[in-house]
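Trainee: Here you go, coords28.txt (compact mmCIF, C-alpha atoms):
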# COMPACT_ATOMS: atom_id res chain seq x y z
CA MET A 10 111.20 181.12 55.86
CA LYS A 11 109.87 184.36 57.07
CA GLU A 12 106.55 185.57 55.79
CA LYS A 13 106.39 189.00 54.26
CA LYS A 14 105.04 191.60 56.65
CA LYS A 15 101.64 193.03 55.89
CA TRP A 16 100.49 196.57 56.49
CA TYR A 17 98.57 195.50 59.58
CA ASP A 18 101.70 194.10 61.19
CA TYR A 19 102.67 197.67 61.95
CA LEU A 20 99.53 198.64 63.87
CA TRP A 21 101.56 198.52 67.09
CA ILE A 22 102.82 201.94 66.02
CA VAL A 23 99.24 203.24 66.16
CA SER A 24 98.74 201.80 69.66
CA LEU A 25 101.98 203.32 70.88
CA THR A 26 101.15 206.69 69.31
CA TYR A 27 97.75 206.62 70.99
CA LEU A 28 99.32 206.20 74.42
CA ILE A 29 101.82 208.98 73.76
CA LEU A 30 99.20 211.41 72.44
CA GLY A 31 97.34 211.07 75.74
CA PHE A 32 100.28 212.73 77.43
CA PHE A 33 99.92 215.81 75.23
CA ASN A 34 96.21 216.28 74.70
CA ILE A 35 93.78 214.08 76.55
CA LEU A 36 91.06 214.60 73.95
CA PHE A 37 92.90 212.16 71.66
CA ALA A 38 91.65 209.49 74.07
CA TRP A 39 88.38 209.51 72.13
CA LEU A 40 90.17 207.73 69.27
CA GLY A 41 90.44 204.71 71.56
CA LEU A 42 86.78 204.01 70.89
CA LEU A 43 87.98 202.53 67.60
CA CYS A 44 89.61 199.69 69.58
CA PHE A 45 86.19 199.04 71.06
CA PHE A 46 83.95 199.25 68.05
CA ILE A 47 86.10 197.71 65.31
CA PRO A 48 86.53 194.32 67.07
CA LEU A 49 82.84 194.29 68.01
CA PHE A 50 81.74 195.06 64.46
CA ILE A 51 84.06 192.42 63.00
CA ALA A 52 82.70 189.86 65.48
CA ILE A 53 79.06 190.78 64.93
CA ILE A 54 79.15 191.18 61.16
CA ASN A 55 81.87 188.74 60.14
CA GLY A 56 81.63 186.33 63.07
CA SER A 57 85.39 186.19 63.46
CA LYS A 58 88.15 187.33 65.74
CA ALA A 59 90.13 188.85 62.87
CA TYR A 60 90.80 191.86 65.07
CA CYS A 61 92.65 189.81 67.70
CA ASN A 62 94.22 187.58 65.06
CA LYS A 63 95.52 190.30 62.77
CA TYR A 64 94.89 193.90 63.66
CA CYS A 65 95.29 194.30 67.42
CA GLY A 66 98.11 196.80 67.83
CA ARG A 67 98.31 196.28 71.54
CA GLY A 68 98.90 192.56 71.14
CA GLN A 69 101.62 193.33 68.60
CA LEU A 70 103.21 195.78 71.02
CA PHE A 71 103.32 193.10 73.71
CA SER A 72 104.81 190.50 71.40
CA LEU A 73 107.38 193.02 70.22
CA VAL A 74 108.47 194.18 73.67
CA GLY A 75 108.06 190.79 75.37
CA GLY A 76 109.21 188.69 72.46
CA ARG A 77 111.72 190.53 70.30
CA PHE A 78 113.07 192.75 73.09
CA GLY A 79 112.90 189.85 75.54
CA LEU A 80 111.15 191.70 78.33
CA SER A 81 109.24 188.62 79.43
CA ARG A 82 110.00 185.60 81.60
CA LYS A 83 108.04 183.47 79.11
CA LYS A 84 106.57 181.36 81.90
CA ASP A 85 103.17 179.70 81.86
CA ILE A 86 100.30 181.83 83.04
CA PRO A 87 98.78 180.53 86.32
CA LYS A 88 95.88 178.14 85.84
CA TRP A 89 93.32 180.38 87.54
CA MET A 90 94.10 183.24 85.19
CA LYS A 91 92.99 181.28 82.15
CA SER A 92 89.95 179.79 83.83
CA ALA A 93 86.53 180.75 82.53
CA TYR A 94 85.65 182.14 85.97
CA PHE A 95 88.47 184.64 85.88
CA ARG A 96 88.00 185.59 82.23
CA TYR A 97 84.28 186.19 82.55
CA GLY A 98 84.69 187.69 86.00
CA PHE A 99 87.24 190.17 84.69
CA LEU A 100 84.95 191.02 81.77
CA ILE A 101 82.09 191.79 84.17
CA PHE A 102 84.35 193.79 86.47
CA PHE A 103 85.62 195.74 83.49
CA PHE A 104 82.09 196.43 82.35
CA VAL A 105 81.02 197.65 85.78
CA MET A 106 84.02 199.98 85.96
CA PHE A 107 83.31 201.18 82.46
CA PHE A 108 79.73 202.07 83.32
CA LEU A 109 80.85 203.85 86.48
CA MET A 110 83.14 205.88 84.24
CA LEU A 111 80.23 206.67 81.90
CA TRP A 112 78.11 207.64 84.91
CA ASN A 113 80.82 210.04 86.07
CA THR A 114 80.98 211.50 82.59
CA TRP A 115 77.22 211.96 82.63
CA LEU A 116 77.38 213.79 85.97
CA VAL A 117 79.85 216.25 84.48
CA PHE A 118 77.68 216.63 81.38
CA ALA A 119 74.69 217.35 83.61
CA GLY A 120 76.66 219.89 85.59
CA VAL A 121 76.32 218.01 88.87
CA LYS A 122 80.04 217.37 89.14
CA ASN A 123 83.03 219.42 88.15
CA LEU A 124 85.57 218.19 85.63
CA SER A 125 88.35 216.20 87.27
CA THR A 126 91.57 216.44 85.29
CA ALA A 127 93.02 213.21 86.63
CA VAL A 128 93.76 209.80 85.16
CA THR A 129 92.79 206.95 87.45
CA LEU A 130 95.25 204.09 87.27
CA LEU A 131 94.12 200.58 88.22
CA TRP A 132 90.74 202.01 89.29
CA THR A 133 92.39 203.40 92.42
CA PHE A 134 95.29 205.78 91.98
CA LYS A 135 94.45 209.28 90.81
CA LEU A 136 97.31 210.70 88.79
CA PRO A 137 97.29 214.45 88.14
CA TRP A 138 96.99 214.88 84.39
CA HIS A 139 96.01 218.56 84.06
CA TRP A 140 98.99 219.27 81.80
CA ALA A 141 97.33 217.32 79.00
CA TYR A 142 94.19 219.40 79.12
CA HIS A 143 93.92 222.62 77.16
CA GLY A 144 90.18 223.14 77.21
CA THR A 145 87.47 221.84 74.95
CA LEU A 146 85.08 223.46 72.51
CA PHE A 147 82.25 221.31 73.80
CA SER A 148 80.86 220.45 77.20
CA ASP A 149 83.28 219.58 80.00
CA GLY A 150 81.75 216.13 79.79
CA THR A 151 83.60 215.41 76.55
CA ALA A 152 86.86 216.03 78.39
CA GLN A 153 85.70 213.96 81.36
CA PHE A 154 85.02 211.06 79.03
CA ALA A 155 88.50 211.45 77.53
CA PHE A 156 90.10 211.30 80.99
CA GLY A 157 87.95 208.30 81.92
CA PHE A 158 88.58 206.45 78.70
CA TYR A 159 92.31 207.10 78.79
CA SER A 160 92.29 205.73 82.34
CA VAL A 161 90.75 202.52 81.04
CA MET A 162 93.30 202.25 78.24
CA LEU A 163 96.30 203.07 80.43
CA THR A 164 95.17 200.70 83.17
CA SER A 165 94.76 197.81 80.76
CA THR A 166 98.12 198.58 79.18
CA VAL A 167 99.82 198.57 82.58
CA LEU A 168 98.15 195.28 83.50
CA GLY A 169 99.13 193.88 80.12
CA PHE A 170 102.75 194.91 80.56
CA LEU A 171 102.80 193.41 84.04
CA THR A 172 101.59 190.01 82.87
CA MET A 173 103.83 190.30 79.80
CA VAL A 174 106.86 190.55 82.08
CA LEU A 175 105.68 187.85 84.50
CA PHE A 176 104.32 185.34 82.00
CA LYS A 177 104.25 185.13 78.20
CA PRO A 178 104.41 188.27 76.02
CA ARG A 179 100.75 188.25 75.03
CA SER A 180 99.34 187.04 78.36
CA TRP A 181 96.98 190.01 78.22
CA CYS A 182 95.14 188.28 75.36
CA VAL A 183 94.08 185.51 77.74
CA TYR A 184 92.00 187.82 79.92
CA CYS A 185 91.48 190.80 77.59
CA PRO A 186 87.82 191.81 78.02
CA MET A 187 87.48 192.67 74.34
CA GLY A 188 88.86 189.27 73.36
CA THR A 189 86.55 187.47 75.77
CA MET A 190 83.60 189.48 74.52
CA THR A 191 84.31 188.92 70.82
CA GLN A 192 84.82 185.19 71.46
CA LEU A 193 81.43 185.10 73.22
CA ILE A 194 79.81 186.85 70.25
CA CYS A 195 81.43 184.39 67.83
CA ARG A 196 80.28 181.48 70.00
CA ALA A 197 76.74 182.80 70.02
CA LYS A 198 76.82 183.40 66.28
CA ASN A 199 78.57 180.25 65.06
CA GLY A 200 78.68 178.05 68.13
CA ALA A 201 76.12 175.41 67.24
CA ALA A 202 77.99 174.44 64.09
CA LEU A 203 81.21 173.83 65.98
CA GLN A 204 80.07 172.06 69.15
CA LYS A 205 81.29 168.53 69.50
CA MET B 24 108.58 156.10 64.09
CA ALA B 25 106.23 158.04 66.31
CA LYS B 26 105.56 161.59 65.25
CA ARG B 27 104.58 164.52 67.36
CA LYS B 28 101.66 166.80 66.51
CA ALA B 29 100.37 169.94 68.19
CA VAL B 30 97.03 169.53 69.94
CA VAL B 31 94.83 172.41 71.10
CA SER B 32 92.75 172.27 74.26
CA ILE B 33 89.64 173.64 72.59
CA GLN B 34 87.74 174.53 75.75
CA GLU B 35 90.56 176.71 77.06
CA CYS B 36 91.56 178.38 73.77
CA VAL B 37 90.97 182.15 73.72
CA ALA B 38 91.24 182.36 69.91
CA CYS B 39 93.83 185.16 70.05
CA GLY B 40 95.72 183.83 67.04
CA CYS B 41 99.28 184.15 68.41
CA CYS B 42 99.91 180.60 67.23
CA ILE B 43 99.03 181.42 63.61
CA LYS B 44 101.80 183.98 63.36
CA VAL B 45 104.59 181.64 64.44
CA CYS B 46 103.56 178.51 62.55
CA PRO B 47 106.17 177.93 59.83
CA ARG B 48 103.77 175.65 57.92
CA SER B 49 100.68 177.88 58.08
CA ALA B 50 98.88 174.91 59.54
CA ILE B 51 96.75 176.84 62.01
CA THR B 52 93.46 178.66 61.57
CA ILE B 53 91.03 180.16 64.06
CA LEU B 54 87.72 178.42 63.48
CA LYS B 55 84.95 181.01 63.41
CA GLY B 56 86.55 183.08 66.15
CA ILE B 57 86.08 180.33 68.71
CA HIS B 58 89.24 178.26 68.88
CA ALA B 59 92.44 177.42 67.03
CA SER B 60 92.46 174.39 64.80
CA ILE B 61 95.57 172.62 63.58
CA ASP B 62 95.79 170.85 60.25
CA ARG B 63 97.34 167.55 61.25
CA GLU B 64 98.51 166.86 57.72
CA LEU B 65 100.59 170.04 57.70
CA CYS B 66 101.77 170.03 61.33
CA VAL B 67 105.35 168.87 61.74
CA GLY B 68 105.30 169.05 65.55
CA CYS B 69 107.93 171.78 65.80
CA GLY B 70 106.32 173.15 68.95
CA LYS B 71 106.60 176.84 68.11
CA CYS B 72 102.87 177.40 68.65
CA ALA B 73 102.94 175.62 72.00
CA LYS B 74 105.76 177.89 73.11
CA GLU B 75 104.02 181.03 71.88
CA CYS B 76 100.50 180.31 73.18
CA PRO B 77 99.89 182.85 75.99
CA ALA B 78 97.51 180.47 77.71
CA SER B 79 99.88 177.48 77.24
CA ILE B 80 97.04 175.27 76.08
CA ILE B 81 98.76 173.72 73.05
CA SER B 82 100.64 170.50 73.74
CA LEU B 83 102.63 168.14 71.58
CA GLU B 84 101.30 164.64 71.51
CA VAL B 85 102.76 161.52 70.01
CA THR B 86 100.63 160.11 67.24
CA GLU B 87 100.64 156.70 65.62
CA ARG B 88 101.57 157.55 62.07
Give the structure from this file in C-alpha cells form.

Mentor:
Amino acid sequence: MKEKKKWYDYLWIVSLTYLILGFFNILFAWLGLLCFFIPLFIAIINGSKAYCNKYCGRGQLFSLVGGRFGLSRKKDIPKWMKSAYFRYGFLIFFFVMFFLMLWNTWLVFAGVKNLSTAVTLLWTFKLPWHWAYHGTLFSDGTAQFAFGFYSVMLTSTVLGFLTMVLFKPRSWCVYCPMGTMTQLICRAKNGAALQK
Amino acid sequence: MAKRKAVVSIQECVACGCCIKVCPRSAITILKGIHASIDRELCVGCGKCAKECPASIISLEVTER
C-alpha cells in the first residue's frame, strides 16, 4: 500500500537544480540561504523538524540515489559518528568555517582582498570556478559570498554522498549541522514537556 | 505468542523522520522535533523503520502481548 506522493516529495529536483545552476552562474548560490532560513524558521516558530521530516530535498536526493538506485552499502553508521560529541563537534566546526567564509566575504566587500573565483571543497581544495562567474551588478563581495556559500553546499553534498555510499542512504541526516541545530532549538523550546 | 515491536533509542534519535516515510502503518511521529515515537498499538514489528534509520537506533524487541 503505497501512499500517494505529495508535492514536497519532489523537492529533490530543486536541490539537484541548485547544484547544477552553480556550474553555470555562481550567483544562484545565494538561493541556498533558503535551506538555512526555512528550517530555522520552522523550528523557531513551529517548534518542529518538519523541514527534515518532509521538505529537505537533499535528504530526498540521498534516499533516491542510495535507496532506489542502490548506491549505498546500507551498513550501520559507526558508533562515534552518531555520538553527541561528533554531532555537536561537527556543528561547531561547521559554524567556525561558516564564519571564516563570512569574514572572507567581508574582506572583499571592504576592498581589502580581491575576489577569488574558486570553490573550496572540503575546506581545503581550491577548485577553479571562474567559468561560472560573469560579473555582478553589485559589489564583488556578493560574488565572493556566492562562491563561499556554494563551497559550503558542495562540500556538504560531497560528504553526504560519501557517507551515503559507505553507510545508509541518509547517513548525512545523522550529522547534518542544520538537523542538529533545529533539534537543539526544538529541545530548548519543547524539551521540558518531553523529558522523562 | 510473543510479538515484536519497534523501539526507538530516544537519546540517540536525530529526529530526521526517515522512519515515518517507510512505515506501512503510519505508526510513527516525530514528537516536537526531538525524537521519533512509535505507536505500539499500530506497530506490527515489520522492521522497515529499523532498516531505514540512518543512525540504526531503532530495534525490534519482543513484547509480552

Trainee: Considering only C-alpha atoms, return as an MDAnalysis selection string whatever protein or nucleic-acid residues lie within 10 Å of Asp149 (chain A), sequence-local ones (same chain, fewer than 2 positions apart) excluded.

Mentor: chainID A and resid 114 117:120 122:125 144:147 151:155

Trainee: Any chance you could export the current selection's C-alpha atoms as a PDB file, in the frame of the given file?

Mentor:
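The new file out_38.pdb reads:
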ATOM      1  CA  THR A 114      80.980 211.500  82.590  1.00  0.00           C
ATOM      2  CA  VAL A 117      79.850 216.250  84.480  1.00  0.00           C
ATOM      3  CA  PHE A 118      77.680 216.630  81.380  1.00  0.00           C
ATOM      4  CA  ALA A 119      74.690 217.350  83.610  1.00  0.00           C
ATOM      5  CA  GLY A 120      76.660 219.890  85.590  1.00  0.00           C
ATOM      6  CA  LYS A 122      80.040 217.370  89.140  1.00  0.00           C
ATOM      7  CA  ASN A 123      83.030 219.420  88.150  1.00  0.00           C
ATOM      8  CA  LEU A 124      85.570 218.190  85.630  1.00  0.00           C
ATOM      9  CA  SER A 125      88.350 216.200  87.270  1.00  0.00           C
ATOM     10  CA  GLY A 144      90.180 223.140  77.210  1.00  0.00           C
ATOM     11  CA  THR A 145      87.470 221.840  74.950  1.00  0.00           C
ATOM     12  CA  LEU A 146      85.080 223.460  72.510  1.00  0.00           C
ATOM     13  CA  PHE A 147      82.250 221.310  73.800  1.00  0.00           C
ATOM     14  CA  THR A 151      83.600 215.410  76.550  1.00  0.00           C
ATOM     15  CA  ALA A 152      86.860 216.030  78.390  1.00  0.00           C
ATOM     16  CA  GLN A 153      85.700 213.960  81.360  1.00  0.00           C
ATOM     17  CA  PHE A 154      85.020 211.060  79.030  1.00  0.00           C
ATOM     18  CA  ALA A 155      88.500 211.450  77.530  1.00  0.00           C
TER      19      ALA A 155
END

Trainee: Considering all atoms listed in the file, extract the chain B residues located within 12 Å of chain A and return them as an MDAnalysis selection string.

Mentor: chainID B and resid 32:49 51:60 73:81

Trainee: Env of Tyr19 (chain A): 12 Å cut, atoms = all atoms listed in the file, seq-sep filter 2 positions within chain, self excluded. Answer as number ranges by chain.

Mentor: A: 14-17, 21-26, 63-70, 73

Trainee: Do you have the CA of Ala141 (chain A)-CA of Val161 (chain A) distance handy?

Mentor: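 Interatomic distance here is 16.3 Å.
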
Trainee: Which value, in Å to one decimal, gives the distance between CA of Arg82 (chain A) and CA of Cys69 (chain B)?

Mentor: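 Those two atoms sit 21.1 Å apart.
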
Trainee: Could you tell me how far CA of Val30 (chain B) lies from CA of Tyr94 (chain A), in Å and to one decimal?

Mentor: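 Taking CA of Val30 (chain B) as the start and CA of Tyr94 (chain A) as the end point, the length is 23.4 Å.
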
Trainee: Mind listing whatever residues come within 12 Å of the point (95.5, 201.9, 91.9)? Use all atoms listed in the file, file coordinates, and give them as a list in words.

Mentor: Val128, Thr129, Leu130, Leu131, Trp132, Thr133, Phe134, Lys135, Leu136, Ser160, Val161, Leu163, Thr164, Ser165, Val167 and Leu168 of chain A

Trainee: Using only C-alpha atoms, find the one residue out of A:Tyr159, A:Phe71, A:Phe37, A:Trp140 that sits nearest to Leu20 (chain A).

Mentor: A:Phe71

Trainee: With distances taken over all atoms listed in the file, which residue among A:Leu111, A:Ala127, A:Leu100, A:Leu171 lies nearest His139 (chain A)?

Mentor: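 Closest residue, counting all atoms listed in the file: A:Ala127.
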
Trainee: Could you list, as a list in words, every residue within 9 Å of Gly68 (chain B), counting all atoms listed in the file and ignoring same-chain residues fewer than 3 positions away?

Mentor: Lys26, Arg27, Lys28, Ala29, Lys71, Leu83 and Glu84 of chain B

Trainee: Could I get region 90-182 of chain A from the block written out with C-alpha atoms, as a tab-separated table (two decimals), in the first residue's frame?

Mentor:
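Once everything was written out, this is result_39.tsv:
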chain	number	residue	atom	x	y	z
A	90	MET	CA	29.55	9.24	14.10
A	91	LYS	CA	26.19	9.26	15.84
A	92	SER	CA	27.59	10.25	19.21
A	93	ALA	CA	26.62	13.62	20.64
A	94	TYR	CA	30.29	14.62	20.70
A	95	PHE	CA	30.67	14.19	16.98
A	96	ARG	CA	27.31	15.75	16.10
A	97	TYR	CA	27.85	18.84	18.22
A	98	GLY	CA	31.53	18.97	17.33
A	99	PHE	CA	30.70	18.93	13.64
A	100	LEU	CA	28.10	21.64	14.17
A	101	ILE	CA	30.68	23.87	15.87
A	102	PHE	CA	33.29	23.14	13.22
A	103	PHE	CA	30.76	23.96	10.53
A	104	PHE	CA	29.88	27.21	12.26
A	105	VAL	CA	33.52	28.25	12.57
A	106	MET	CA	34.11	27.53	8.89
A	107	PHE	CA	30.96	29.41	8.01
A	108	PHE	CA	32.08	32.50	9.90
A	109	LEU	CA	35.52	32.32	8.30
A	110	MET	CA	33.71	32.33	4.96
A	111	LEU	CA	31.66	35.36	6.03
A	112	TRP	CA	34.86	37.08	7.18
A	113	ASN	CA	36.44	36.47	3.77
A	114	THR	CA	33.34	37.87	2.13
A	115	TRP	CA	33.58	40.94	4.33
A	116	LEU	CA	37.22	41.48	3.37
A	117	VAL	CA	36.23	41.52	-0.28
A	118	PHE	CA	33.34	43.87	0.47
A	119	ALA	CA	35.73	46.19	2.28
A	120	GLY	CA	38.16	46.08	-0.62
A	121	VAL	CA	40.97	44.56	1.44
A	122	LYS	CA	41.01	41.36	-0.58
A	123	ASN	CA	40.40	40.66	-4.23
A	124	LEU	CA	37.61	38.39	-5.39
A	125	SER	CA	38.72	34.77	-5.60
A	126	THR	CA	36.74	32.87	-8.22
A	127	ALA	CA	37.34	29.47	-6.68
A	128	VAL	CA	35.16	26.92	-4.92
A	129	THR	CA	36.82	25.40	-1.88
A	130	LEU	CA	35.97	21.74	-1.49
A	131	LEU	CA	36.19	20.11	1.94
A	132	TRP	CA	37.62	23.37	3.34
A	133	THR	CA	40.93	22.56	1.65
A	134	PHE	CA	40.93	22.06	-2.08
A	135	LYS	CA	40.55	25.16	-4.21
A	136	LEU	CA	38.80	24.31	-7.46
A	137	PRO	CA	38.96	26.89	-10.26
A	138	TRP	CA	35.40	28.00	-10.89
A	139	HIS	CA	35.88	31.19	-12.93
A	140	TRP	CA	33.75	29.82	-15.77
A	141	ALA	CA	30.64	30.22	-13.63
A	142	TYR	CA	31.29	33.88	-13.00
A	143	HIS	CA	30.06	36.51	-15.42
A	144	GLY	CA	30.31	39.60	-13.27
A	145	THR	CA	27.90	41.11	-10.81
A	146	LEU	CA	25.92	44.34	-10.71
A	147	PHE	CA	26.80	44.80	-7.06
A	148	SER	CA	29.98	44.71	-5.02
A	149	ASP	CA	32.46	41.90	-5.64
A	150	GLY	CA	31.56	40.80	-2.14
A	151	THR	CA	28.20	39.49	-3.32
A	152	ALA	CA	30.05	37.19	-5.71
A	153	GLN	CA	32.54	36.20	-3.02
A	154	PHE	CA	29.67	35.18	-0.78
A	155	ALA	CA	28.19	33.12	-3.62
A	156	PHE	CA	31.49	31.28	-4.11
A	157	GLY	CA	31.83	30.75	-0.36
A	158	PHE	CA	28.27	29.59	0.11
A	159	TYR	CA	28.40	27.26	-2.87
A	160	SER	CA	31.58	25.80	-1.37
A	161	VAL	CA	29.66	25.03	1.82
A	162	MET	CA	26.81	23.43	-0.10
A	163	LEU	CA	29.05	21.40	-2.41
A	164	THR	CA	31.25	20.24	0.45
A	165	SER	CA	28.30	19.04	2.48
A	166	THR	CA	26.82	17.31	-0.57
A	167	VAL	CA	30.10	15.51	-1.24
A	168	LEU	CA	30.34	14.43	2.40
A	169	GLY	CA	26.72	13.34	2.29
A	170	PHE	CA	27.28	11.27	-0.84
A	171	LEU	CA	30.36	9.69	0.69
A	172	THR	CA	28.52	8.54	3.82
A	173	MET	CA	25.53	7.58	1.66
A	174	VAL	CA	27.73	5.13	-0.25
A	175	LEU	CA	29.55	3.84	2.84
A	176	PHE	CA	26.61	3.60	5.23
A	177	LYS	CA	22.86	4.13	4.90
A	178	PRO	CA	21.39	6.43	2.21
A	179	ARG	CA	20.52	9.27	4.56
A	180	SER	CA	23.55	8.98	6.85
A	181	TRP	CA	24.10	12.69	6.28
A	182	CYS	CA	20.99	13.37	8.37
